[in-house]
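Dropping final.cif in here (mmCIF, C-alpha atoms (C1' of nucleotides)):
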```cif
data_query
#
loop_
_atom_site.label_atom_id
_atom_site.label_comp_id
_atom_site.auth_asym_id
_atom_site.auth_seq_id
_atom_site.Cartn_x
_atom_site.Cartn_y
_atom_site.Cartn_z
CA MET A 10 7.06 -19.02 23.68
CA LEU A 11 8.60 -17.01 26.57
CA GLU A 12 6.60 -13.82 27.03
CA ARG A 13 8.77 -11.09 28.46
CA PRO A 14 6.73 -8.69 30.59
CA LYS A 15 6.16 -5.41 28.76
CA ARG A 16 7.32 -2.14 30.15
CA ALA A 17 4.75 -0.07 32.01
CA ASP A 18 4.71 2.78 29.51
CA ALA A 19 4.31 0.37 26.63
CA ARG A 20 1.27 -1.19 28.23
CA ARG A 21 -0.15 2.26 29.00
CA ASN A 22 0.20 3.34 25.38
CA HIS A 23 -1.23 0.05 24.19
CA ASP A 24 -4.34 0.66 26.28
CA ARG A 25 -4.65 4.28 25.20
CA ILE A 26 -4.48 3.30 21.55
CA LEU A 27 -7.07 0.62 22.08
CA ALA A 28 -9.44 3.03 23.81
CA ALA A 29 -9.06 5.60 21.04
CA ALA A 30 -9.54 2.90 18.42
CA GLN A 31 -12.76 1.77 20.07
CA VAL A 32 -14.18 5.28 19.81
CA ALA A 33 -12.97 5.81 16.26
CA VAL A 34 -14.21 2.47 14.95
CA ALA A 35 -17.61 2.98 16.56
CA ARG A 36 -17.87 6.29 14.71
CA ASP A 37 -16.18 5.60 11.36
CA GLY A 38 -16.27 1.84 10.95
CA ALA A 39 -13.42 -0.48 10.08
CA ASP A 40 -11.69 1.98 7.78
CA ALA A 41 -11.16 4.62 10.44
CA SER A 42 -7.95 6.61 10.08
CA LEU A 43 -5.07 5.08 12.01
CA GLU A 44 -3.33 8.46 12.19
CA GLU A 45 -6.44 9.93 13.79
CA ILE A 46 -6.53 7.14 16.34
CA ALA A 47 -2.88 7.73 17.21
CA ARG A 48 -3.54 11.46 17.53
CA GLN A 49 -6.50 10.90 19.84
CA ALA A 50 -4.47 8.47 21.91
CA GLY A 51 -1.70 11.05 22.24
CA VAL A 52 0.97 8.83 20.71
CA GLY A 53 2.97 8.99 17.50
CA SER A 54 1.77 7.00 14.54
CA ALA A 55 4.91 4.88 14.68
CA THR A 56 3.91 3.70 18.15
CA LEU A 57 0.52 2.63 16.91
CA HIS A 58 2.12 0.69 14.08
CA ARG A 59 4.55 -1.00 16.43
CA HIS A 60 1.83 -2.15 18.81
CA PHE A 61 -0.51 -3.20 16.01
CA PRO A 62 1.39 -4.13 12.87
CA SER A 63 -1.70 -4.20 10.69
CA ARG A 64 -5.17 -2.70 10.65
CA LEU A 65 -6.58 -6.15 11.13
CA ALA A 66 -4.53 -6.69 14.28
CA LEU A 67 -5.94 -3.51 15.77
CA LEU A 68 -9.50 -4.41 14.85
CA GLU A 69 -9.10 -7.87 16.34
CA ALA A 70 -7.99 -6.27 19.61
CA VAL A 71 -10.84 -3.77 19.54
CA PHE A 72 -13.45 -6.48 19.12
CA LEU A 73 -11.92 -9.02 21.48
CA ASP A 74 -14.20 -8.39 24.45
CA ARG A 75 -17.32 -8.36 22.31
CA VAL A 76 -16.25 -11.65 20.83
CA GLU A 77 -15.66 -13.13 24.27
CA THR A 78 -19.21 -12.18 25.17
CA LEU A 79 -20.53 -13.99 22.12
CA CYS A 80 -18.48 -17.06 23.01
CA SER A 81 -19.77 -17.23 26.56
CA GLN A 82 -23.29 -16.77 25.23
CA ALA A 83 -22.70 -19.77 22.98
CA ARG A 84 -21.64 -21.86 25.98
CA GLU A 85 -24.83 -20.91 27.85
CA LEU A 86 -27.01 -21.68 24.84
CA ALA A 87 -25.41 -25.10 24.45
CA ALA A 88 -27.50 -26.19 27.45
CA ASP A 89 -30.76 -25.07 25.83
CA PRO A 90 -33.36 -27.86 25.50
CA ASP A 91 -34.12 -26.79 21.90
CA PRO A 92 -30.79 -26.93 20.04
CA GLY A 93 -32.21 -25.65 16.77
CA ALA A 94 -33.71 -22.55 18.38
CA ALA A 95 -30.55 -22.03 20.41
CA LEU A 96 -28.44 -21.96 17.26
CA VAL A 97 -30.76 -19.44 15.62
CA THR A 98 -30.74 -17.28 18.75
CA TRP A 99 -26.98 -17.26 18.79
CA LEU A 100 -26.67 -16.39 15.09
CA ARG A 101 -29.11 -13.52 15.58
CA ALA A 102 -27.02 -12.30 18.49
CA ILE A 103 -23.95 -12.27 16.28
CA GLY A 104 -25.89 -10.40 13.64
CA ALA A 105 -27.01 -7.82 16.18
CA TYR A 106 -23.47 -7.28 17.42
CA ALA A 107 -21.98 -7.11 13.97
CA ALA A 108 -24.65 -4.76 12.67
CA ASN A 109 -24.21 -2.38 15.59
CA VAL A 110 -20.45 -2.44 15.68
CA ARG A 111 -19.46 -1.24 12.25
CA GLY A 112 -16.39 -3.08 11.09
CA LEU A 113 -16.74 -6.20 13.20
CA ALA A 114 -18.24 -8.11 10.30
CA ALA A 115 -15.48 -7.11 7.93
CA SER A 116 -12.92 -7.98 10.56
CA LEU A 117 -14.35 -11.42 11.15
CA LEU A 118 -14.64 -12.15 7.45
CA ARG A 119 -11.15 -11.07 6.53
CA SER A 120 -9.48 -12.82 9.38
CA ALA A 121 -11.17 -15.96 8.11
CA CYS A 122 -9.45 -15.68 4.75
CA GLU A 123 -6.16 -13.87 5.22
CA LEU A 124 -4.58 -15.96 7.93
CA ASP A 125 -3.27 -19.48 7.87
CA HIS A 126 -4.71 -22.23 10.01
CA ALA A 127 -2.28 -21.99 12.92
CA GLU A 128 -3.08 -18.35 13.61
CA ARG A 129 -6.77 -18.65 13.10
CA SER A 130 -7.64 -20.14 16.46
CA VAL A 131 -6.50 -17.05 18.33
CA THR A 132 -8.39 -14.63 16.12
CA CYS A 133 -11.90 -13.37 16.58
CA HIS A 134 -13.17 -15.60 13.83
CA GLY A 135 -11.47 -18.64 15.28
CA LYS A 136 -12.86 -18.07 18.73
CA VAL A 137 -16.39 -17.60 17.45
CA SER A 138 -16.05 -20.65 15.21
CA ASP A 139 -14.95 -22.85 18.06
CA ALA A 140 -17.76 -21.59 20.26
CA GLY A 141 -20.36 -22.30 17.59
CA GLU A 142 -19.17 -25.80 16.87
CA GLU A 143 -20.98 -27.41 19.78
CA LEU A 144 -24.18 -25.46 19.20
CA LEU A 145 -24.21 -26.60 15.59
CA SER A 146 -23.47 -30.26 16.29
CA ARG A 147 -26.31 -30.37 18.82
CA ALA A 148 -28.69 -28.76 16.37
CA ARG A 149 -27.59 -31.23 13.74
CA GLN A 150 -28.18 -34.19 16.04
CA ALA A 151 -31.63 -32.82 16.83
CA GLY A 152 -32.36 -32.85 13.10
CA ALA A 153 -32.85 -29.10 12.95
CA VAL A 154 -30.02 -28.47 10.53
CA ARG A 155 -28.84 -30.06 7.29
CA PRO A 156 -25.70 -32.15 7.81
CA ASP A 157 -23.73 -30.34 5.09
CA VAL A 158 -23.84 -26.95 6.81
CA SER A 159 -20.71 -25.84 8.64
CA VAL A 160 -20.17 -23.22 11.32
CA GLY A 161 -18.09 -21.33 8.79
CA ASP A 162 -21.01 -21.22 6.38
CA LEU A 163 -23.32 -19.79 9.01
CA LEU A 164 -20.80 -17.20 10.17
CA THR A 165 -20.09 -16.16 6.61
CA LEU A 166 -23.79 -15.75 6.08
CA VAL A 167 -24.30 -13.59 9.17
CA ASN A 168 -21.25 -11.49 8.49
CA ALA A 169 -22.10 -11.06 4.85
CA LEU A 170 -25.53 -9.73 5.77
CA SER A 171 -24.21 -7.37 8.43
CA LEU A 172 -21.66 -6.05 6.00
CA ALA A 173 -24.22 -5.61 3.26
CA THR A 174 -26.69 -3.73 5.46
CA GLU A 175 -24.09 -1.47 7.04
CA ARG A 176 -25.40 1.53 5.15
CA HIS A 177 -29.05 0.76 5.72
CA PRO A 178 -31.07 3.16 7.94
CA ASP A 179 -31.65 0.41 10.51
CA PRO A 180 -28.86 -2.12 9.96
CA CYS A 181 -29.72 -4.20 12.97
CA ALA A 182 -33.34 -4.87 12.03
CA GLU A 183 -32.47 -5.42 8.39
CA THR A 184 -29.70 -7.88 9.21
CA ASP A 185 -32.02 -9.81 11.48
CA ARG A 186 -34.82 -9.91 8.92
CA LEU A 187 -32.58 -11.14 6.12
CA LEU A 188 -30.85 -13.62 8.40
CA LEU A 189 -34.14 -15.22 9.36
CA LEU A 190 -35.11 -15.30 5.70
CA ALA A 191 -31.87 -17.04 4.77
CA LEU A 192 -32.12 -19.53 7.61
CA GLU A 193 -35.68 -20.48 6.71
CA GLY A 194 -35.26 -20.29 2.94
CA ILE A 195 -37.38 -18.37 0.49
CA GLY A 196 -40.01 -21.06 -0.01
CA PRO A 197 -43.45 -20.72 1.65
CA MET B 24 -33.59 17.94 -19.97
CA LEU B 25 -31.90 19.15 -23.20
CA GLU B 26 -28.80 17.04 -23.81
CA ARG B 27 -26.23 19.03 -25.69
CA PRO B 28 -24.09 16.76 -27.88
CA LYS B 29 -20.65 16.31 -26.38
CA ARG B 30 -17.54 17.33 -28.17
CA ALA B 31 -15.72 14.57 -30.02
CA ASP B 32 -12.58 14.71 -27.89
CA ALA B 33 -14.65 14.59 -24.71
CA ARG B 34 -16.36 11.42 -25.82
CA ARG B 35 -13.03 9.93 -26.85
CA ASN B 36 -11.55 10.60 -23.42
CA HIS B 37 -14.67 9.26 -21.75
CA ASP B 38 -14.26 5.98 -23.63
CA ARG B 39 -10.55 5.76 -22.94
CA ILE B 40 -11.12 6.24 -19.23
CA LEU B 41 -13.82 3.60 -19.24
CA ALA B 42 -11.60 1.10 -21.01
CA ALA B 43 -8.74 1.70 -18.58
CA ALA B 44 -11.14 1.44 -15.66
CA GLN B 45 -12.41 -1.90 -16.89
CA VAL B 46 -8.89 -3.29 -16.90
CA ALA B 47 -7.99 -1.80 -13.53
CA VAL B 48 -11.16 -2.92 -11.78
CA ALA B 49 -10.80 -6.44 -13.15
CA ARG B 50 -7.32 -6.54 -11.65
CA ASP B 51 -7.66 -4.58 -8.39
CA GLY B 52 -11.34 -4.63 -7.58
CA ALA B 53 -13.57 -1.72 -6.70
CA ASP B 54 -10.89 0.22 -4.84
CA ALA B 55 -8.56 0.51 -7.81
CA SER B 56 -6.56 3.72 -7.95
CA LEU B 57 -8.29 6.44 -9.93
CA GLU B 58 -4.96 8.13 -10.62
CA GLU B 59 -3.67 4.91 -12.11
CA ILE B 60 -6.72 4.62 -14.31
CA ALA B 61 -6.26 8.18 -15.55
CA ARG B 62 -2.58 7.50 -16.21
CA GLN B 63 -3.36 4.35 -18.21
CA ALA B 64 -6.01 6.21 -20.14
CA GLY B 65 -3.51 8.93 -21.00
CA VAL B 66 -5.57 11.73 -19.46
CA GLY B 67 -5.09 14.01 -16.48
CA SER B 68 -6.73 13.03 -13.22
CA ALA B 69 -8.88 16.15 -13.38
CA THR B 70 -10.41 14.88 -16.60
CA LEU B 71 -11.31 11.60 -14.98
CA HIS B 72 -12.94 13.43 -12.09
CA ARG B 73 -14.89 15.67 -14.45
CA HIS B 74 -16.27 12.76 -16.44
CA PHE B 75 -17.00 10.66 -13.36
CA PRO B 76 -17.59 12.84 -10.30
CA SER B 77 -17.41 9.93 -7.87
CA ARG B 78 -15.88 6.49 -7.72
CA LEU B 79 -19.37 5.02 -7.71
CA ALA B 80 -20.26 6.82 -10.95
CA LEU B 81 -17.24 5.27 -12.63
CA LEU B 82 -18.02 1.80 -11.31
CA GLU B 83 -21.61 2.08 -12.47
CA ALA B 84 -20.37 2.91 -15.95
CA VAL B 85 -17.87 0.06 -15.91
CA PHE B 86 -20.50 -2.49 -14.98
CA LEU B 87 -23.24 -1.17 -17.20
CA ASP B 88 -22.92 -3.70 -20.01
CA ARG B 89 -22.67 -6.63 -17.61
CA VAL B 90 -25.80 -5.40 -15.94
CA GLU B 91 -27.60 -5.08 -19.24
CA THR B 92 -26.74 -8.71 -19.93
CA LEU B 93 -28.27 -9.75 -16.62
CA CYS B 94 -31.39 -7.75 -17.39
CA SER B 95 -31.91 -9.35 -20.77
CA GLN B 96 -31.32 -12.74 -19.20
CA ALA B 97 -34.12 -11.93 -16.75
CA ARG B 98 -36.46 -11.11 -19.63
CA GLU B 99 -35.71 -14.45 -21.28
CA LEU B 100 -36.20 -16.36 -18.05
CA ALA B 101 -39.56 -14.70 -17.49
CA ALA B 102 -40.93 -17.02 -20.16
CA ASP B 103 -39.68 -20.15 -18.38
CA PRO B 104 -42.43 -22.67 -17.57
CA ASP B 105 -41.04 -23.12 -14.02
CA PRO B 106 -40.99 -19.62 -12.48
CA GLY B 107 -39.40 -20.78 -9.21
CA ALA B 108 -36.48 -22.45 -10.94
CA ALA B 109 -36.15 -19.48 -13.30
CA LEU B 110 -35.78 -17.10 -10.38
CA VAL B 111 -33.13 -19.28 -8.77
CA THR B 112 -31.26 -19.59 -12.07
CA TRP B 113 -31.23 -15.83 -12.43
CA LEU B 114 -30.02 -15.21 -8.89
CA ARG B 115 -27.22 -17.72 -9.41
CA ALA B 116 -26.25 -15.93 -12.61
CA ILE B 117 -26.02 -12.65 -10.69
CA GLY B 118 -23.91 -14.38 -8.06
CA ALA B 119 -21.57 -15.75 -10.71
CA TYR B 120 -21.16 -12.32 -12.30
CA ALA B 121 -20.64 -10.54 -9.03
CA ALA B 122 -18.19 -13.11 -7.73
CA ASN B 123 -16.11 -12.94 -10.89
CA VAL B 124 -16.15 -9.20 -11.31
CA ARG B 125 -14.61 -7.92 -8.14
CA GLY B 126 -16.33 -4.74 -7.07
CA LEU B 127 -19.62 -5.26 -8.83
CA ALA B 128 -21.28 -6.46 -5.64
CA ALA B 129 -20.05 -3.51 -3.63
CA SER B 130 -21.15 -1.18 -6.38
CA LEU B 131 -24.63 -2.62 -6.52
CA LEU B 132 -25.03 -2.58 -2.76
CA ARG B 133 -23.86 0.96 -2.26
CA SER B 134 -25.86 2.41 -5.08
CA ALA B 135 -28.88 0.85 -3.38
CA CYS B 136 -28.29 2.88 -0.22
CA GLU B 137 -26.51 6.07 -1.15
CA LEU B 138 -28.84 7.45 -3.78
CA ASP B 139 -32.33 8.81 -3.51
CA HIS B 140 -35.27 7.21 -5.24
CA ALA B 141 -35.29 9.37 -8.37
CA GLU B 142 -31.73 8.47 -9.29
CA ARG B 143 -31.99 4.83 -8.43
CA SER B 144 -33.82 3.70 -11.53
CA VAL B 145 -30.92 4.62 -13.80
CA THR B 146 -28.30 2.89 -11.66
CA CYS B 147 -27.11 -0.69 -11.93
CA HIS B 148 -29.09 -1.67 -8.88
CA GLY B 149 -32.22 -0.05 -10.19
CA LYS B 150 -31.98 -1.75 -13.55
CA VAL B 151 -31.41 -5.16 -12.02
CA SER B 152 -34.23 -4.58 -9.56
CA ASP B 153 -36.69 -3.73 -12.27
CA ALA B 154 -35.65 -6.71 -14.33
CA GLY B 155 -36.12 -9.08 -11.39
CA GLU B 156 -39.53 -7.79 -10.46
CA GLU B 157 -41.42 -9.83 -13.05
CA LEU B 158 -39.43 -12.99 -12.36
CA LEU B 159 -40.24 -12.69 -8.67
CA SER B 160 -43.93 -11.98 -9.10
CA ARG B 161 -44.28 -15.01 -11.36
CA ALA B 162 -42.46 -17.20 -8.85
CA ARG B 163 -44.69 -15.84 -6.11
CA GLN B 164 -47.84 -16.61 -8.09
CA ALA B 165 -46.56 -20.13 -8.68
CA GLY B 166 -46.25 -20.50 -4.91
CA ALA B 167 -42.51 -21.03 -5.04
CA VAL B 168 -41.64 -17.97 -2.95
CA ARG B 169 -42.93 -16.50 0.29
CA PRO B 170 -45.05 -13.41 -0.32
CA ASP B 171 -42.99 -11.21 2.03
CA VAL B 172 -39.77 -11.53 0.03
CA SER B 173 -38.83 -8.58 -2.17
CA VAL B 174 -36.45 -8.31 -5.10
CA GLY B 175 -34.32 -6.02 -2.97
CA ASP B 176 -34.02 -8.74 -0.32
CA LEU B 177 -32.83 -11.29 -2.84
CA LEU B 178 -30.36 -8.92 -4.47
CA THR B 179 -28.98 -7.89 -1.10
CA LEU B 180 -28.54 -11.55 -0.27
CA VAL B 181 -26.67 -12.36 -3.48
CA ASN B 182 -24.51 -9.28 -3.27
CA ALA B 183 -23.75 -9.81 0.39
CA LEU B 184 -22.53 -13.32 -0.35
CA SER B 185 -20.42 -12.26 -3.33
CA LEU B 186 -18.85 -9.55 -1.25
CA ALA B 187 -18.17 -11.87 1.64
CA THR B 188 -16.53 -14.53 -0.47
CA GLU B 189 -14.41 -12.09 -2.47
CA ARG B 190 -11.24 -13.28 -0.76
CA HIS B 191 -12.10 -16.96 -0.95
CA PRO B 192 -9.92 -19.19 -3.17
CA ASP B 193 -12.88 -19.97 -5.42
CA PRO B 194 -15.34 -17.11 -4.90
CA CYS B 195 -17.70 -18.22 -7.62
CA ALA B 196 -18.29 -21.72 -6.30
CA GLU B 197 -18.50 -20.52 -2.71
CA THR B 198 -21.01 -17.81 -3.54
CA ASP B 199 -23.15 -20.30 -5.42
CA ARG B 200 -23.04 -22.86 -2.63
CA LEU B 201 -24.00 -20.35 0.07
CA LEU B 202 -26.65 -18.80 -2.13
CA LEU B 203 -28.37 -22.16 -2.64
CA LEU B 204 -28.09 -22.78 1.10
CA ALA B 205 -29.74 -19.44 1.88
CA LEU B 206 -32.48 -19.92 -0.69
CA GLU B 207 -33.35 -23.37 0.61
CA GLY B 208 -32.82 -22.62 4.29
CA ILE B 209 -30.69 -24.54 6.74
CA GLY B 210 -33.35 -27.07 7.70
CA PRO B 211 -33.16 -30.64 6.37
"C1'" DG C 15 -10.54 31.82 -40.44
"C1'" DG C 16 -11.96 33.75 -36.27
"C1'" DA C 17 -14.93 34.00 -32.14
"C1'" DT C 18 -16.37 31.47 -28.24
"C1'" DA C 19 -17.65 28.06 -25.41
"C1'" DA C 20 -16.17 23.39 -24.11
"C1'" DG C 21 -12.67 20.74 -22.59
"C1'" DT C 22 -8.01 19.85 -20.72
"C1'" DG C 23 -4.16 18.71 -17.47
"C1'" DG C 24 -0.11 20.37 -14.71
"C1'" DG C 25 0.38 21.26 -10.43
"C1'" DG C 26 -1.40 22.38 -5.70
"C1'" DT C 27 -3.54 20.86 -1.20
"C1'" DG C 28 -4.35 17.96 2.36
"C1'" DG C 29 -4.73 13.36 3.91
"C1'" DC C 30 -3.17 8.74 4.47
"C1'" DA C 31 -0.15 4.35 5.74
"C1'" DC C 32 4.00 3.03 6.88
"C1'" DC C 33 8.96 3.39 8.19
"C1'" DC C 34 13.69 5.19 9.96
"C1'" DC C 35 16.53 6.53 13.57
"C1'" DA C 36 18.05 10.00 17.04
"C1'" DT C 37 16.30 10.66 21.50
"C1'" DT C 38 13.95 9.63 25.81
"C1'" DT C 39 12.24 6.51 29.35
"C1'" DT C 40 12.32 2.45 32.09
"C1'" DG C 41 13.79 -1.26 35.23
"C1'" DG C 42 17.20 -3.66 37.34
"C1'" DT C 43 21.75 -3.28 39.72
"C1'" DC C 44 25.16 -1.71 42.68
"C1'" DG D 17 20.28 7.51 44.51
"C1'" DA D 18 23.11 6.86 40.31
"C1'" DC D 19 24.05 4.34 36.32
"C1'" DC D 20 23.49 1.75 32.16
"C1'" DA D 21 21.71 -1.29 28.59
"C1'" DA D 22 17.67 -2.41 26.57
"C1'" DA D 23 13.05 -1.00 25.49
"C1'" DA D 24 10.11 2.26 23.78
"C1'" DT D 25 9.03 6.55 21.61
"C1'" DG D 26 7.67 10.07 18.04
"C1'" DG D 27 9.13 13.75 14.76
"C1'" DG D 28 9.73 13.78 10.37
"C1'" DG D 29 10.41 11.46 5.72
"C1'" DT D 30 8.54 8.88 1.62
"C1'" DG D 31 5.38 7.80 -1.55
"C1'" DC D 32 0.80 7.12 -2.39
"C1'" DC D 33 -3.96 8.87 -2.98
"C1'" DA D 34 -8.48 11.86 -4.03
"C1'" DC D 35 -9.89 15.97 -5.35
"C1'" DC D 36 -9.71 20.80 -7.11
"C1'" DC D 37 -8.16 25.32 -9.40
"C1'" DC D 38 -7.21 27.92 -13.38
"C1'" DA D 39 -4.27 29.21 -17.31
"C1'" DC D 40 -4.21 27.12 -21.51
"C1'" DT D 41 -5.74 24.37 -25.71
"C1'" DT D 42 -9.08 22.68 -28.98
"C1'" DA D 43 -13.46 21.73 -31.39
"C1'" DT D 44 -17.33 23.70 -33.30
"C1'" DC D 45 -20.23 26.90 -35.77
"C1'" DC D 46 -20.78 30.96 -38.41
#
```
So that I can check it, write out the structure of this file as structure tokens.
Amino acid sequence: MLERPKRADARRNHDRILAAAQVAVARDGADASLEEIARQAGVGSATLHRHFPSRLALLEAVFLDRVETLCSQARELAADPDPGAALVTWLRAIGAYAANVRGLAASLLRSACELDHAERSVTCHGKVSDAGEELLSRARQAGAVRPDVSVGDLLTLVNALSLATERHPDPCAETDRLLLLALEGIGP
Amino acid sequence: MLERPKRADARRNHDRILAAAQVAVARDGADASLEEIARQAGVGSATLHRHFPSRLALLEAVFLDRVETLCSQARELAADPDPGAALVTWLRAIGAYAANVRGLAASLLRSACELDHAERSVTCHGKVSDAGEELLSRARQAGAVRPDVSVGDLLTLVNALSLATERHPDPCAETDRLLLLALEGIGP
DNA sequence: GGATAAGTGGGGTGGCACCCCATTTTGGTC
DNA sequence: GACCAAAATGGGGTGCCACCCCACTTATCC
């Protein structure tokens, strides 16, 4: 578990790659070209692959700060007097993020499935899951949510909708509309 | 609008490509290699690209018979005495298909967004949409469904969930579970 | 059976992910 | 400031892919 300090140039390249990746992912989504990112960052493609051994690893890093924001928002909402509404607010916030930031949804979904349990807690999905746990248990205690619903279910739902509406003219509005529909059910 | 009859060898190649594509998509999902499909079909890649100008066109063709099955199922269910239950049954059937046939969900979703209105009615999405319209309107009249829900909304929901659970150990069960959750809402 | 239009596929282009290894850069040490 | 071992780099290689061009083959109709 010893973390040797990285060399200065390594850290500099790491940051450059991350900055370029942020731009590229915002423009092209999660399947942006890694070569292009390396080119924009002014590094060789081998360097990119050394710093981020997989596409998923790079995406996780790109979305880390956004995810932190969502987590801190969850902690604030945990104090809300209406736990049911707080949960819905938070899920809509995730939907808004994911719909705006093309690729975040795919990243969250895949990291949920392709990693084993030990790694999961340090990934985007794991962080968001942990943050939502308290919001959900409060909402459940308040009787606003069925007891058989898990945080994972809700996140899958939000991410699925963001992913599905990625090509819609107004992904954000569409995600939000369908999310509310799914949370309330289709009955009158 | 004159359709010249195709040459016999052209039709033969068309069918071979389709058969190979069915196998490949079942194994690798919607992003199967087109070159590989051409190779298995015993034709040059140019021939594949001439018969199916885009990946989506090929996928649409691959899924056509499955989609026809779903459409006829919708027509049968339209006679069901409980329109609400019939609609749910049909949506679950779509979920089961889409979860089993990797790539169908993505195909349906994309064809919904990337084509203009004139083309849409001949695509998989268009066919399924049309078939669901009567089921939905009956369910609505029976008061089982909110009036602001469209067939497109429901299909997007099902497809989104199939797509999101594609990497799950048991995609079919997971899709079904989440679909029922979304249809009923998260409240108790 | 021969004209002709339809159809074919080998091979080219350009792009991609990912990897190897000779070379450069860094940070600590004297 | 010079030196050296370890860390880091990136040019270039491999093998894959989608997609396209055009000289050639083949079916069809008379």
Mind dumping a table of every chain C residue within 9 Å of stretch 18-41 of chain D, with the nearest atom pair and its distance in Å to one decimal, using only C-alpha atoms (C1' of nucleotides), sorted by chain and rising number, as JSON lines?
```
{"residue": "C:DG21", "atom": "C1'", "partner": "D:DT41", "partner_atom": "C1'", "distance": 8.4}
{"residue": "C:DT22", "atom": "C1'", "partner": "D:DT41", "partner_atom": "C1'", "distance": 7.1}
{"residue": "C:DG26", "atom": "C1'", "partner": "D:DC37", "partner_atom": "C1'", "distance": 8.2}
{"residue": "C:DT27", "atom": "C1'", "partner": "D:DC36", "partner_atom": "C1'", "distance": 8.5}
{"residue": "C:DG29", "atom": "C1'", "partner": "D:DC33", "partner_atom": "C1'", "distance": 8.3}
{"residue": "C:DC30", "atom": "C1'", "partner": "D:DC33", "partner_atom": "C1'", "distance": 7.5}
{"residue": "C:DA31", "atom": "C1'", "partner": "D:DC32", "partner_atom": "C1'", "distance": 8.6}
{"residue": "C:DC33", "atom": "C1'", "partner": "D:DG29", "partner_atom": "C1'", "distance": 8.6}
{"residue": "C:DC34", "atom": "C1'", "partner": "D:DG29", "partner_atom": "C1'", "distance": 8.2}
{"residue": "C:DT37", "atom": "C1'", "partner": "D:DT25", "partner_atom": "C1'", "distance": 8.4}
{"residue": "C:DT38", "atom": "C1'", "partner": "D:DT25", "partner_atom": "C1'", "distance": 7.2}
{"residue": "C:DT39", "atom": "C1'", "partner": "D:DA24", "partner_atom": "C1'", "distance": 7.3}
{"residue": "C:DT40", "atom": "C1'", "partner": "D:DA23", "partner_atom": "C1'", "distance": 7.5}
{"residue": "C:DT43", "atom": "C1'", "partner": "D:DC19", "partner_atom": "C1'", "distance": 8.7}
{"residue": "C:DC44", "atom": "C1'", "partner": "D:DC19", "partner_atom": "C1'", "distance": 8.8}
```
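Here the PyMOL selection byres ((chain B and resi 97-104) around 9) catches exactly these residues: Thr92, Leu93, Cys94, Ser95, Gln96, Asp105, Pro106, Ala108, Ala109, Leu110, Thr112, Trp113, Val151, Ala154, Gly155, Glu157, Leu158 and Arg161 of chain B.
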Legend entry - Interface list for chain B, partner chain A, 8 Å threshold, all atoms listed in the file, as a PyMOL selection string: chain B and resi 132-133+136-137+166-170+172+176+179-180+182-184+186-187+190-191+201+204-211
Inset, instruction - Take atom CA of A:Ile46 and atom CA of B:Arg78 and report the distance between them in Å, one decimal. - result: 25.8 Å
Legend entry - Target residues per the PyMOL selection byres ((chain B and resi 74) around 12), formatted as a ChimeraX atom specification: /B:29,33-41,61,66-73,75-78,80-81,84 /C:21-22
Inset, instruction - Give the residues of chain C that lie within 12 Å of chain B; count only C-alpha atoms (C1' of nucleotides), and format the answer as number ranges by chain. - result: C: 19-25
Legend entry - Close residues, stretch 71-75 of chain A itself excluded, 7 Å, all atoms listed in the file, min 6 positions apart in chain, as a list of chain:residue names: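 The contact residues come out as A:Leu27, A:Ala30, A:Gln31, A:Leu113, A:Cys133.
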Print the selection's residues with C-alpha atoms to a file, as a compact mmCIF listing (two decimals), keeping the file's coordinate frame.
```txt
# COMPACT_ATOMS: atom_id res chain seq x y z
CA LEU A 27 -7.07 0.62 22.08
CA ALA A 30 -9.54 2.90 18.42
CA GLN A 31 -12.76 1.77 20.07
CA LEU A 113 -16.74 -6.20 13.20
CA CYS A 133 -11.90 -13.37 16.58
```
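Selection around (-20.0, -16.1, -17.8) with radius 12 Å, counting all atoms listed in the file, yields the residues Arg89, Thr92, Leu93, Gln96, Arg115, Ala116, Ile117, Gly118, Ala119, Tyr120, Ala121, Ala122, Asn123, Val124 and Cys195 of chain B.
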Requested write-out: C-alpha atoms of the selected residues, as a CSV table (one decimal), keeping the file's coordinate frame:
```
chain,number,residue,atom,x,y,z
B,89,ARG,CA,-22.7,-6.6,-17.6
B,92,THR,CA,-26.7,-8.7,-19.9
B,93,LEU,CA,-28.3,-9.8,-16.6
B,96,GLN,CA,-31.3,-12.7,-19.2
B,115,ARG,CA,-27.2,-17.7,-9.4
B,116,ALA,CA,-26.2,-15.9,-12.6
B,117,ILE,CA,-26.0,-12.6,-10.7
B,118,GLY,CA,-23.9,-14.4,-8.1
B,119,ALA,CA,-21.6,-15.8,-10.7
B,120,TYR,CA,-21.2,-12.3,-12.3
B,121,ALA,CA,-20.6,-10.5,-9.0
B,122,ALA,CA,-18.2,-13.1,-7.7
B,123,ASN,CA,-16.1,-12.9,-10.9
B,124,VAL,CA,-16.2,-9.2,-11.3
B,195,CYS,CA,-17.7,-18.2,-7.6
```
Inset, instruction - Quick one: pull the distance between atom CA of A:Arg48 and atom C1' of C:DG41, Å, one decimal. - result: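 Calculated distance between atom CA of A:Arg48 and atom C1' of C:DG41 is 27.8 Å.
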Legend entry - Which residue of A:Arg36, A:Ala41, A:Gly51, A:Ser138 approaches chain D most closely, using all atoms listed in the file: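 Among the listed residues, A:Gly51 lies closest to chain D.
The interatomic distance for the pair atom C1' of D:DT42 and atom CA of B:Ala31 works out to 10.5 Å.
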Specify the axis-aligned box that encloses all atoms of stretch 23-42 of chain C listed in the file after padding of 5 Å on each side, stating its centre and edge lengths in Å to one decimal as lines of an AutoDock Vina configuration file.
```
center_x = 6.7
center_y = 9.4
center_z = 9.9
size_x = 32.8
size_y = 36.0
size_z = 64.8
```
